[in-house]
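Containing PDB, C-alpha atoms: target.pdb.
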ATOM      1  CA  MET A   1     -19.878  30.832  44.147
ATOM      2  CA  SER A   2     -22.244  33.764  43.770
ATOM      3  CA  ALA A   3     -22.613  35.714  40.536
ATOM      4  CA  ARG A   4     -21.021  38.751  42.203
ATOM      5  CA  THR A   5     -18.002  36.740  43.390
ATOM      6  CA  ARG A   6     -17.630  35.117  39.974
ATOM      7  CA  SER A   7     -17.682  38.535  38.289
ATOM      8  CA  TYR A   8     -15.054  39.786  40.717
ATOM      9  CA  CYS A   9     -12.785  36.795  39.973
ATOM     10  CA  LEU A  10     -13.152  37.300  36.229
ATOM     11  CA  LEU A  11     -12.321  40.982  36.610
ATOM     12  CA  LEU A  12      -9.256  40.153  38.713
ATOM     13  CA  LEU A  13      -8.102  37.564  36.183
ATOM     14  CA  SER A  14      -8.537  40.086  33.367
ATOM     15  CA  LEU A  15      -6.455  42.663  35.231
ATOM     16  CA  ILE A  16      -3.711  40.099  35.863
ATOM     17  CA  LEU A  17      -3.656  39.113  32.197
ATOM     18  CA  LEU A  18      -3.629  42.748  31.133
ATOM     19  CA  ALA A  19      -0.721  43.484  33.459
ATOM     20  CA  SER A  20       1.115  40.429  32.180
ATOM     21  CA  CYS A  21       0.598  41.502  28.552
ATOM     22  CA  SER A  22       1.714  45.065  29.354
ATOM     23  CA  LYS A  23       4.871  43.738  31.011
ATOM     24  CA  PHE A  24       5.624  41.502  28.032
ATOM     25  CA  ARG A  25       5.067  44.352  25.559
ATOM     26  CA  LYS A  26       7.426  46.533  27.546
ATOM     27  CA  ILE A  27      10.101  43.814  27.512
ATOM     28  CA  GLN A  28       9.597  43.181  23.801
ATOM     29  CA  LYS A  29      10.119  46.867  23.004
ATOM     30  CA  SER A  30      13.261  47.172  25.122
ATOM     31  CA  ASP A  31      16.338  48.459  23.265
ATOM     32  CA  ASP A  32      18.560  46.275  25.415
ATOM     33  CA  TRP A  33      18.669  42.811  23.880
ATOM     34  CA  ARG A  34      19.946  41.409  27.192
ATOM     35  CA  VAL A  35      16.648  42.346  28.828
ATOM     36  CA  ARG A  36      14.797  40.369  26.183
ATOM     37  CA  TYR A  37      17.321  37.525  26.462
ATOM     38  CA  GLU A  38      16.941  37.152  30.232
ATOM     39  CA  ALA A  39      13.149  37.456  29.979
ATOM     40  CA  GLY A  40      13.122  34.818  27.241
ATOM     41  CA  LEU A  41      15.038  32.436  29.492
ATOM     42  CA  ASP A  42      12.651  33.195  32.343
ATOM     43  CA  TYR A  43       9.566  32.546  30.219
ATOM     44  CA  TYR A  44      11.214  29.340  28.963
ATOM     45  CA  GLU A  45      11.802  28.096  32.520
ATOM     46  CA  ARG A  46       8.156  28.838  33.302
ATOM     47  CA  LYS A  47       7.137  26.885  30.157
ATOM     48  CA  ASP A  48       5.615  29.939  28.532
ATOM     49  CA  TYR A  49       7.034  28.825  25.205
ATOM     50  CA  TYR A  50       5.048  31.235  23.076
ATOM     51  CA  ARG A  51       6.419  34.399  24.747
ATOM     52  CA  SER A  52       9.862  32.863  25.033
ATOM     53  CA  ALA A  53       9.894  32.097  21.298
ATOM     54  CA  VAL A  54       8.760  35.633  20.402
ATOM     55  CA  LEU A  55      11.633  37.166  22.373
ATOM     56  CA  PHE A  56      14.223  34.687  21.116
ATOM     57  CA  GLU A  57      13.181  35.278  17.504
ATOM     58  CA  ASP A  58      13.485  39.034  18.049
ATOM     59  CA  ILE A  59      17.077  38.880  19.302
ATOM     60  CA  LEU A  60      18.290  35.954  17.167
ATOM     61  CA  PRO A  61      19.945  38.144  14.485
ATOM     62  CA  ILE A  62      21.720  40.085  17.247
ATOM     63  CA  VAL A  63      23.094  37.200  19.311
ATOM     64  CA  ARG A  64      24.120  34.898  16.469
ATOM     65  CA  GLY A  65      27.874  34.589  16.832
ATOM     66  CA  LEU A  66      27.830  35.702  20.464
ATOM     67  CA  PRO A  67      28.203  33.324  23.456
ATOM     68  CA  GLU A  68      24.432  33.566  24.029
ATOM     69  CA  GLY A  69      23.657  32.635  20.438
ATOM     70  CA  ASP A  70      23.723  28.868  20.737
ATOM     71  CA  ARG A  71      21.435  28.889  23.781
ATOM     72  CA  VAL A  72      18.915  31.122  22.015
ATOM     73  CA  GLU A  73      18.948  28.956  18.880
ATOM     74  CA  PHE A  74      18.604  25.737  20.879
ATOM     75  CA  ASN A  75      15.859  26.962  23.193
ATOM     76  CA  LEU A  76      13.965  28.510  20.303
ATOM     77  CA  ALA A  77      13.896  25.109  18.580
ATOM     78  CA  TYR A  78      12.436  23.533  21.710
ATOM     79  CA  CYS A  79       9.900  26.355  22.051
ATOM     80  CA  GLN A  80       8.657  25.560  18.559
ATOM     81  CA  TYR A  81       8.630  21.844  19.341
ATOM     82  CA  TYR A  82       6.615  22.314  22.539
ATOM     83  CA  GLU A  83       4.236  24.616  20.673
ATOM     84  CA  LYS A  84       3.752  21.677  18.231
ATOM     85  CA  THR A  85       4.999  23.607  15.211
ATOM     86  CA  TYR A  86       7.084  20.573  14.390
ATOM     87  CA  LEU A  87       8.340  21.508  10.939
ATOM     88  CA  LEU A  88       9.528  24.882  12.224
ATOM     89  CA  ALA A  89      11.238  23.066  15.096
ATOM     90  CA  ALA A  90      12.886  20.611  12.717
ATOM     91  CA  ASN A  91      14.273  23.446  10.638
ATOM     92  CA  GLN A  92      15.501  25.260  13.761
ATOM     93  CA  PHE A  93      17.227  22.164  15.168
ATOM     94  CA  LYS A  94      18.880  21.635  11.790
ATOM     95  CA  THR A  95      20.042  25.248  11.726
ATOM     96  CA  PHE A  96      21.486  24.774  15.206
ATOM     97  CA  TYR A  97      23.626  21.724  14.470
ATOM     98  CA  GLU A  98      24.775  23.159  11.157
ATOM     99  CA  THR A  99      25.772  26.415  12.877
ATOM    100  CA  TYR A 100      27.099  24.942  16.123
ATOM    101  CA  GLY A 101      28.431  21.597  14.975
ATOM    102  CA  ARG A 102      30.975  21.443  17.816
ATOM    103  CA  SER A 103      28.453  22.230  20.523
ATOM    104  CA  PRO A 104      27.763  19.557  23.179
ATOM    105  CA  LYS A 105      24.118  19.985  22.191
ATOM    106  CA  ALA A 106      24.736  19.141  18.500
ATOM    107  CA  GLU A 107      23.961  15.433  19.015
ATOM    108  CA  GLU A 108      20.658  16.218  20.725
ATOM    109  CA  ALA A 109      19.801  18.757  18.027
ATOM    110  CA  ARG A 110      20.379  16.183  15.275
ATOM    111  CA  PHE A 111      18.163  13.713  17.087
ATOM    112  CA  MET A 112      15.453  16.312  17.666
ATOM    113  CA  TYR A 113      15.581  17.348  14.008
ATOM    114  CA  ALA A 114      14.638  13.803  13.006
ATOM    115  CA  TYR A 115      12.190  13.423  15.890
ATOM    116  CA  SER A 116      10.403  16.660  14.978
ATOM    117  CA  LEU A 117       9.932  15.363  11.428
ATOM    118  CA  TYR A 118       8.536  12.164  12.903
ATOM    119  CA  ALA A 119       6.173  14.142  15.156
ATOM    120  CA  SER A 120       4.899  16.105  12.162
ATOM    121  CA  ALA A 121       4.011  12.974  10.179
ATOM    122  CA  PRO A 122       0.227  12.445   9.983
ATOM    123  CA  SER A 123      -1.720   9.204  10.458
ATOM    124  CA  SER A 124      -1.061   6.375   8.016
ATOM    125  CA  ASN A 125      -4.012   7.193   5.738
ATOM    126  CA  LEU A 126      -2.427  10.530   4.761
ATOM    127  CA  ASP A 127       0.755  11.534   2.934
ATOM    128  CA  GLN A 128       3.804   9.962   4.579
ATOM    129  CA  SER A 129       6.618  12.039   3.051
ATOM    130  CA  ASP A 130       7.499  13.412   6.503
ATOM    131  CA  ALA A 131       7.672   9.865   7.882
ATOM    132  CA  ILE A 132      10.087   8.919   5.102
ATOM    133  CA  ASP A 133      12.204  11.996   5.800
ATOM    134  CA  ALA A 134      12.154  11.169   9.524
ATOM    135  CA  MET A 135      13.331   7.605   8.880
ATOM    136  CA  ASP A 136      16.157   8.808   6.644
ATOM    137  CA  ALA A 137      17.210  11.505   9.118
ATOM    138  CA  MET A 138      17.082   9.107  12.053
ATOM    139  CA  GLN A 139      19.159   6.513  10.195
ATOM    140  CA  ILE A 140      21.769   9.182   9.435
ATOM    141  CA  PHE A 141      21.726  10.100  13.130
ATOM    142  CA  LEU A 142      22.306   6.466  14.159
ATOM    143  CA  ASN A 143      25.138   6.128  11.654
ATOM    144  CA  GLN A 144      26.798   9.220  13.108
ATOM    145  CA  TYR A 145      26.067   8.444  16.768
ATOM    146  CA  PRO A 146      25.798   4.635  17.022
ATOM    147  CA  ASP A 147      26.244   4.679  20.808
ATOM    148  CA  SER A 148      23.999   7.662  21.472
ATOM    149  CA  GLN A 149      21.841   7.849  24.576
ATOM    150  CA  TYR A 150      18.973   8.431  22.126
ATOM    151  CA  ARG A 151      19.637   5.194  20.226
ATOM    152  CA  ASP A 152      16.641   3.231  21.536
ATOM    153  CA  LYS A 153      14.258   6.093  20.816
ATOM    154  CA  ALA A 154      15.754   6.525  17.350
ATOM    155  CA  VAL A 155      15.259   2.834  16.560
ATOM    156  CA  GLU A 156      11.667   3.066  17.809
ATOM    157  CA  VAL A 157      11.007   5.997  15.460
ATOM    158  CA  ILE A 158      12.322   4.037  12.498
ATOM    159  CA  VAL A 159      10.214   0.986  13.382
ATOM    160  CA  VAL A 160       7.003   2.979  13.903
ATOM    161  CA  SER A 161       7.565   5.001  10.725
ATOM    162  CA  GLN A 162       8.146   1.787   8.801
ATOM    163  CA  GLU A 163       4.880   0.397  10.120
ATOM    164  CA  LYS A 164       3.014   3.532   9.026
ATOM    165  CA  LEU A 165       4.528   3.285   5.558
ATOM    166  CA  GLU A 166       3.542  -0.381   5.380
ATOM    167  CA  ARG A 167      -0.020   0.452   6.357
ATOM    168  CA  LYS A 168      -0.160   3.254   3.820
ATOM    169  CA  GLY A 169       1.144   0.958   1.061
ATOM    170  CA  PHE A 170      -1.277  -1.801   2.013
ATOM    171  CA  ASP A 171      -4.267   0.545   2.140
ATOM    172  CA  ASN A 172      -3.347   2.056  -1.223
ATOM    173  CA  ALA A 173      -3.192  -1.369  -2.864
ATOM    174  CA  ARG A 174      -6.448  -2.474  -1.257
ATOM    175  CA  GLN A 175      -8.115   0.730  -2.422
ATOM    176  CA  TYR A 176      -7.666  -0.360  -6.051
ATOM    177  CA  LEU A 177      -9.589  -3.506  -5.217
ATOM    178  CA  LYS A 178     -12.412  -1.467  -3.674
ATOM    179  CA  LEU A 179     -12.499   0.712  -6.792
ATOM    180  CA  ARG A 180     -12.746  -2.433  -8.955
ATOM    181  CA  GLN A 181      -9.478  -1.647 -10.696
ATOM    182  CA  TYR A 182      -8.441  -5.255 -10.395
ATOM    183  CA  ASN A 183      -5.332  -5.352 -12.552
ATOM    184  CA  ALA A 184      -3.980  -2.253 -10.814
ATOM    185  CA  ALA A 185      -4.701  -3.930  -7.466
ATOM    186  CA  ILE A 186      -2.724  -7.034  -8.452
ATOM    187  CA  ILE A 187       0.240  -4.937  -9.581
ATOM    188  CA  SER A 188       0.076  -2.907  -6.349
ATOM    189  CA  PHE A 189      -0.029  -6.044  -4.207
ATOM    190  CA  ASP A 190       3.047  -7.383  -6.023
ATOM    191  CA  ASN A 191       4.863  -4.085  -5.539
ATOM    192  CA  PHE A 192       3.907  -4.102  -1.873
ATOM    193  CA  ARG A 193       5.480  -7.535  -1.412
ATOM    194  CA  LYS A 194       8.702  -6.315  -3.031
ATOM    195  CA  ASN A 195       8.822  -3.140  -0.946
ATOM    196  CA  PHE A 196       7.889  -4.806   2.356
ATOM    197  CA  PRO A 197       9.134  -8.419   2.208
ATOM    198  CA  ASP A 198       8.744  -8.879   5.972
ATOM    199  CA  SER A 199       5.371  -7.174   6.364
ATOM    200  CA  LYS A 200       2.712  -8.578   8.655
ATOM    201  CA  TYR A 201       0.184  -7.906   5.877
ATOM    202  CA  LEU A 202       1.699 -10.376   3.373
ATOM    203  CA  GLU A 203      -0.712 -13.169   4.287
ATOM    204  CA  GLU A 204      -3.721 -10.950   3.632
ATOM    205  CA  VAL A 205      -2.079  -9.644   0.458
ATOM    206  CA  ALA A 206      -1.774 -13.219  -0.805
ATOM    207  CA  TYR A 207      -5.494 -13.716  -0.212
ATOM    208  CA  LEU A 208      -6.517 -10.408  -1.767
ATOM    209  CA  LYS A 209      -4.533 -11.273  -4.879
ATOM    210  CA  VAL A 210      -6.772 -14.333  -5.291
ATOM    211  CA  VAL A 211      -9.849 -12.112  -4.990
ATOM    212  CA  ALA A 212      -8.540  -9.449  -7.359
ATOM    213  CA  GLN A 213      -7.440 -11.988  -9.966
ATOM    214  CA  PHE A 214     -10.800 -13.750  -9.869
ATOM    215  CA  ARG A 215     -12.691 -10.473 -10.378
ATOM    216  CA  PHE A 216     -10.237  -9.527 -13.122
ATOM    217  CA  ALA A 217     -10.854 -12.850 -14.890
ATOM    218  CA  GLU A 218     -14.614 -12.483 -14.549
ATOM    219  CA  GLN A 219     -14.695  -9.188 -16.422
ATOM    220  CA  SER A 220     -12.283 -10.345 -19.132
ATOM    221  CA  LEU A 221     -13.116 -11.374 -22.677
ATOM    222  CA  ALA A 222     -13.988 -15.062 -23.065
ATOM    223  CA  THR A 223     -10.897 -15.654 -25.199
ATOM    224  CA  ILE A 224      -8.511 -14.717 -22.373
ATOM    225  CA  GLN A 225     -10.559 -15.943 -19.411
ATOM    226  CA  PRO A 226      -8.958 -19.422 -19.289
ATOM    227  CA  LYS A 227      -5.502 -17.964 -18.738
ATOM    228  CA  ARG A 228      -6.720 -15.573 -16.075
ATOM    229  CA  PHE A 229      -8.755 -18.164 -14.174
ATOM    230  CA  ARG A 230      -5.716 -20.463 -14.215
ATOM    231  CA  THR A 231      -3.813 -17.614 -12.568
ATOM    232  CA  VAL A 232      -6.462 -17.549  -9.817
ATOM    233  CA  VAL A 233      -5.678 -21.213  -9.186
ATOM    234  CA  GLU A 234      -1.950 -20.394  -9.062
ATOM    235  CA  TYR A 235      -2.472 -17.563  -6.583
ATOM    236  CA  TYR A 236      -4.649 -19.795  -4.415
ATOM    237  CA  GLN A 237      -1.962 -22.475  -4.399
ATOM    238  CA  GLU A 238       0.637 -19.865  -3.381
ATOM    239  CA  LEU A 239      -1.584 -18.856  -0.461
ATOM    240  CA  VAL A 240      -1.975 -22.466   0.692
ATOM    241  CA  ASP A 241       1.728 -23.258   0.258
ATOM    242  CA  ASN A 242       2.974 -20.166   2.083
ATOM    243  CA  TYR A 243       0.260 -19.929   4.743
ATOM    244  CA  PRO A 244      -1.223 -23.420   5.253
ATOM    245  CA  GLU A 245      -2.876 -22.399   8.546
ATOM    246  CA  SER A 246      -4.263 -19.115   7.224
ATOM    247  CA  ASP A 247      -7.753 -18.044   8.230
ATOM    248  CA  PHE A 248      -8.163 -16.698   4.676
ATOM    249  CA  ILE A 249      -7.982 -20.129   3.028
ATOM    250  CA  LYS A 250     -11.661 -20.958   3.584
ATOM    251  CA  ASP A 251     -12.785 -17.800   1.771
ATOM    252  CA  ALA A 252     -10.130 -18.241  -0.906
ATOM    253  CA  GLU A 253     -11.449 -21.756  -1.628
ATOM    254  CA  ARG A 254     -14.652 -20.242  -2.990
ATOM    255  CA  PHE A 255     -12.721 -18.354  -5.650
ATOM    256  CA  TYR A 256     -10.567 -21.391  -6.333
ATOM    257  CA  SER A 257     -13.586 -23.708  -6.760
ATOM    258  CA  SER A 258     -15.411 -21.155  -8.918
ATOM    259  CA  SER A 259     -12.322 -20.795 -11.102
ATOM    260  CA  ILE A 260     -12.110 -24.576 -11.590
ATOM    261  CA  ASP A 261     -15.782 -24.635 -12.547
ATOM    262  CA  LYS A 262     -15.291 -21.740 -14.955
ATOM    263  CA  LEU A 263     -12.341 -23.477 -16.603
ATOM    264  CA  LYS A 264     -14.372 -26.664 -17.076
ATOM    265  CA  GLN A 265     -17.257 -24.674 -18.518
ATOM    266  CA  LEU A 266     -14.998 -22.739 -20.900
ATOM    267  CA  ASN A 267     -13.319 -25.943 -22.024
ATOM    268  CA  THR A 268     -16.726 -27.562 -22.656
ATOM    269  CA  ASN A 269     -17.903 -24.553 -24.684
ATOM    270  CA  LYS A 270     -14.681 -24.630 -26.657
ATOM    271  CA  ASN A 271     -15.137 -28.322 -27.595
ATOM    272  CA  ALA A 272     -18.859 -28.008 -28.325
TER     273      ALA A 272
END

Have the structure of the file written as structure tokens, please.
Amino acid sequence: MSARTRSYCLLLLSLILLASCSKFRKIQKSDDWRVRYEAGLDYYERKDYYRSAVLFEDILPIVRGLPEGDRVEFNLAYCQYYEKTYLLAANQFKTFYETYGRSPKAEEARFMYAYSLYASAPSSNLDQSDAIDAMDAMQIFLNQYPDSQYRDKAVEVIVVSQEKLERKGFDNARQYLKLRQYNAAIISFDNFRKNFPDSKYLEEVAYLKVVAQFRFAEQSLATIQPKRFRTVVEYYQELVDNYPESDFIKDAERFYSSSIDKLKQLNTNKNA
């Protein structure tokens, strides 16, 4: 394509966009809400969710309570969802099912409220409050619609959110170990086991407790080291008893053997 042809195409595209914007502005300024309503539906069908949302938001106060109201509310929620403004979408879906509780779309709106919260939740290394809210909302949805067509997807959301929370809890506990806050790490690992008794990370948690307890004992005063090294031995034995085939046992043996040696040394010093 020559430079002249390319310039012509860009000019043509600019004129088309300008005409499109002028048409939209004219519709937006129309005094007839029905004009904006029909245009909003048209933009929605063409997947121009931004323009559709602008028009629906403009007429929402007018059509609320009218036959067109529920369609505007519902489509507006989906516009926000498709535009990836998930928290806005969640709030809009919630407004819909609270306002139109008897609508055939109420079930879908309740599901999409929870799903929008789930979509807004960040990766597991960040705050997971939205994931918790999504799990709670989705469980409420399942309780209310146990035979819903969205059941499988709802269960999947709960499972995935649970996994993200597990990862977040595990990473938080492990972070204490990295920061050399060993007692805090041990407490966090214990809390993790209580909060996630079926977690896939429990085997590694059992090993990391051995590591954290050994480091904790090392930095302790000599008078309390025997007790803390004996706890290392206890944690090691728990690892072996619960996970006899664990790949972590070989590494854990180093801390176990060192703890036995330390206990012998401390006992010798005590009797000297």

Please identify all polymer residues within 7 Å of A:Tyr49, counting only C-alpha atoms, omitting same-chain residues fewer than 3 positions from it, and present them as a count of residues only. 6

Write out as a list of chain:residue names the residues lying within 8 Å of stretch 57-61 of chain A, counting only C-alpha atoms and excluding same-chain residues fewer than 4 positions away.
A:Trp33, A:Arg36, A:Tyr37, A:Ala53, A:Gly69, A:Val72, A:Glu73, A:Leu76

Selected residue, from A:Ala222, A:Ile132, A:Ala173, A:Val157, that lies nearest to A:Asn191 when counting only C-alpha atoms |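 With only C-alpha atoms as the atom set, the closest residue is A:Ala173.
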
Note to self: Applying the PyMOL selection byres ((chain A and resi 197-207) around 10) to the file I just gave you, which residues come out? Please list them as an MDAnalysis selection string.
What the structure shows: chainID A and resid 162:163 166:167 170 173:174 186 188:196 208:212 235:240 242:243 246:249 251:252

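Residues lying within 10 Å of A:Arg34, counting only C-alpha atoms and ignoring same-chain neighbours fewer than 5 positions away, are Ala39, Gly40, Ile59, Val63 and Glu68 of chain A.
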
Could you write out that same residue set with C-alpha atoms as a PDB file, in the frame of the given file?
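Below is the file again-v2.pdb, written as the result:
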ATOM      1  CA  ALA A  39      13.149  37.456  29.979  1.00  0.00           C
ATOM      2  CA  GLY A  40      13.122  34.818  27.241  1.00  0.00           C
ATOM      3  CA  ILE A  59      17.077  38.880  19.302  1.00  0.00           C
ATOM      4  CA  VAL A  63      23.094  37.200  19.311  1.00  0.00           C
ATOM      5  CA  GLU A  68      24.432  33.566  24.029  1.00  0.00           C
TER       6      GLU A  68
END

Name every residue that the PyMOL selection byres ((chain A and resi 230) around 10) selects in this structure, writing the answer as a PyMOL selection string with chains first and numbers rising.
-> chain A and resi 213-214+217+225-229+231-236+256+259-260+262-263

Take the selection from the previous step and output its residues with C-alpha atoms, as a PDB file, in the coordinates of the input.
ATOM      1  CA  GLN A 213      -7.440 -11.988  -9.966  1.00  0.00           C
ATOM      2  CA  PHE A 214     -10.800 -13.750  -9.869  1.00  0.00           C
ATOM      3  CA  ALA A 217     -10.854 -12.850 -14.890  1.00  0.00           C
ATOM      4  CA  GLN A 225     -10.559 -15.943 -19.411  1.00  0.00           C
ATOM      5  CA  PRO A 226      -8.958 -19.422 -19.289  1.00  0.00           C
ATOM      6  CA  LYS A 227      -5.502 -17.964 -18.738  1.00  0.00           C
ATOM      7  CA  ARG A 228      -6.720 -15.573 -16.075  1.00  0.00           C
ATOM      8  CA  PHE A 229      -8.755 -18.164 -14.174  1.00  0.00           C
ATOM      9  CA  THR A 231      -3.813 -17.614 -12.568  1.00  0.00           C
ATOM     10  CA  VAL A 232      -6.462 -17.549  -9.817  1.00  0.00           C
ATOM     11  CA  VAL A 233      -5.678 -21.213  -9.186  1.00  0.00           C
ATOM     12  CA  GLU A 234      -1.950 -20.394  -9.062  1.00  0.00           C
ATOM     13  CA  TYR A 235      -2.472 -17.563  -6.583  1.00  0.00           C
ATOM     14  CA  TYR A 236      -4.649 -19.795  -4.415  1.00  0.00           C
ATOM     15  CA  TYR A 256     -10.567 -21.391  -6.333  1.00  0.00           C
ATOM     16  CA  SER A 259     -12.322 -20.795 -11.102  1.00  0.00           C
ATOM     17  CA  ILE A 260     -12.110 -24.576 -11.590  1.00  0.00           C
ATOM     18  CA  LYS A 262     -15.291 -21.740 -14.955  1.00  0.00           C
ATOM     19  CA  LEU A 263     -12.341 -23.477 -16.603  1.00  0.00           C
TER      20      LEU A 263
END

* Report the residues retrieved by the PyMOL selection byres ((chain A and resi 94-100) around 7) from the displayed file, expressed as a list in words. =>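 Applying the expression gives Asp70, Glu73, Phe74, Ala90, Asn91, Gln92, Phe93, Gly101, Arg102, Ser103, Ala106, Ala109, Arg110 and Tyr113 of chain A.
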
| said: Calculated over only C-alpha atoms, which of the candidates A:Lys26, A:Lys250, A:Arg215, A:Asn75 has the smallest distance to A:Asp42? | reply: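 Of A:Lys26, A:Lys250, A:Arg215, A:Asn75, the one nearest A:Asp42, counting only C-alpha atoms, is A:Asn75.
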
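Here atom CA of A:Gln28 and atom CA of A:Tyr86 stand 24.6 Å from one another.
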
Could you state the separation of atom CA of A:Leu165 and atom CA of A:Ala131 in Å, given to one decimal place?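 Interatomic distance, atom CA of A:Leu165 to atom CA of A:Ala131: 7.7 Å.
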
- request: Record the distance separating atom CA of A:Leu88 and atom CA of A:Ser30, expressed in Å with one decimal.
  value: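 These atoms are spaced 26.0 Å apart.
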
Quick one: axis-aligned box around all listed atoms of stretch 103-114 of chain A, 3 Å on every side, centre and edge lengths in Å to one decimal, written as AutoDock Vina command-line options.
--center_x 21.5 --center_y 18.0 --center_z 18.1 --size_x 19.8 --size_y 14.5 --size_z 16.2
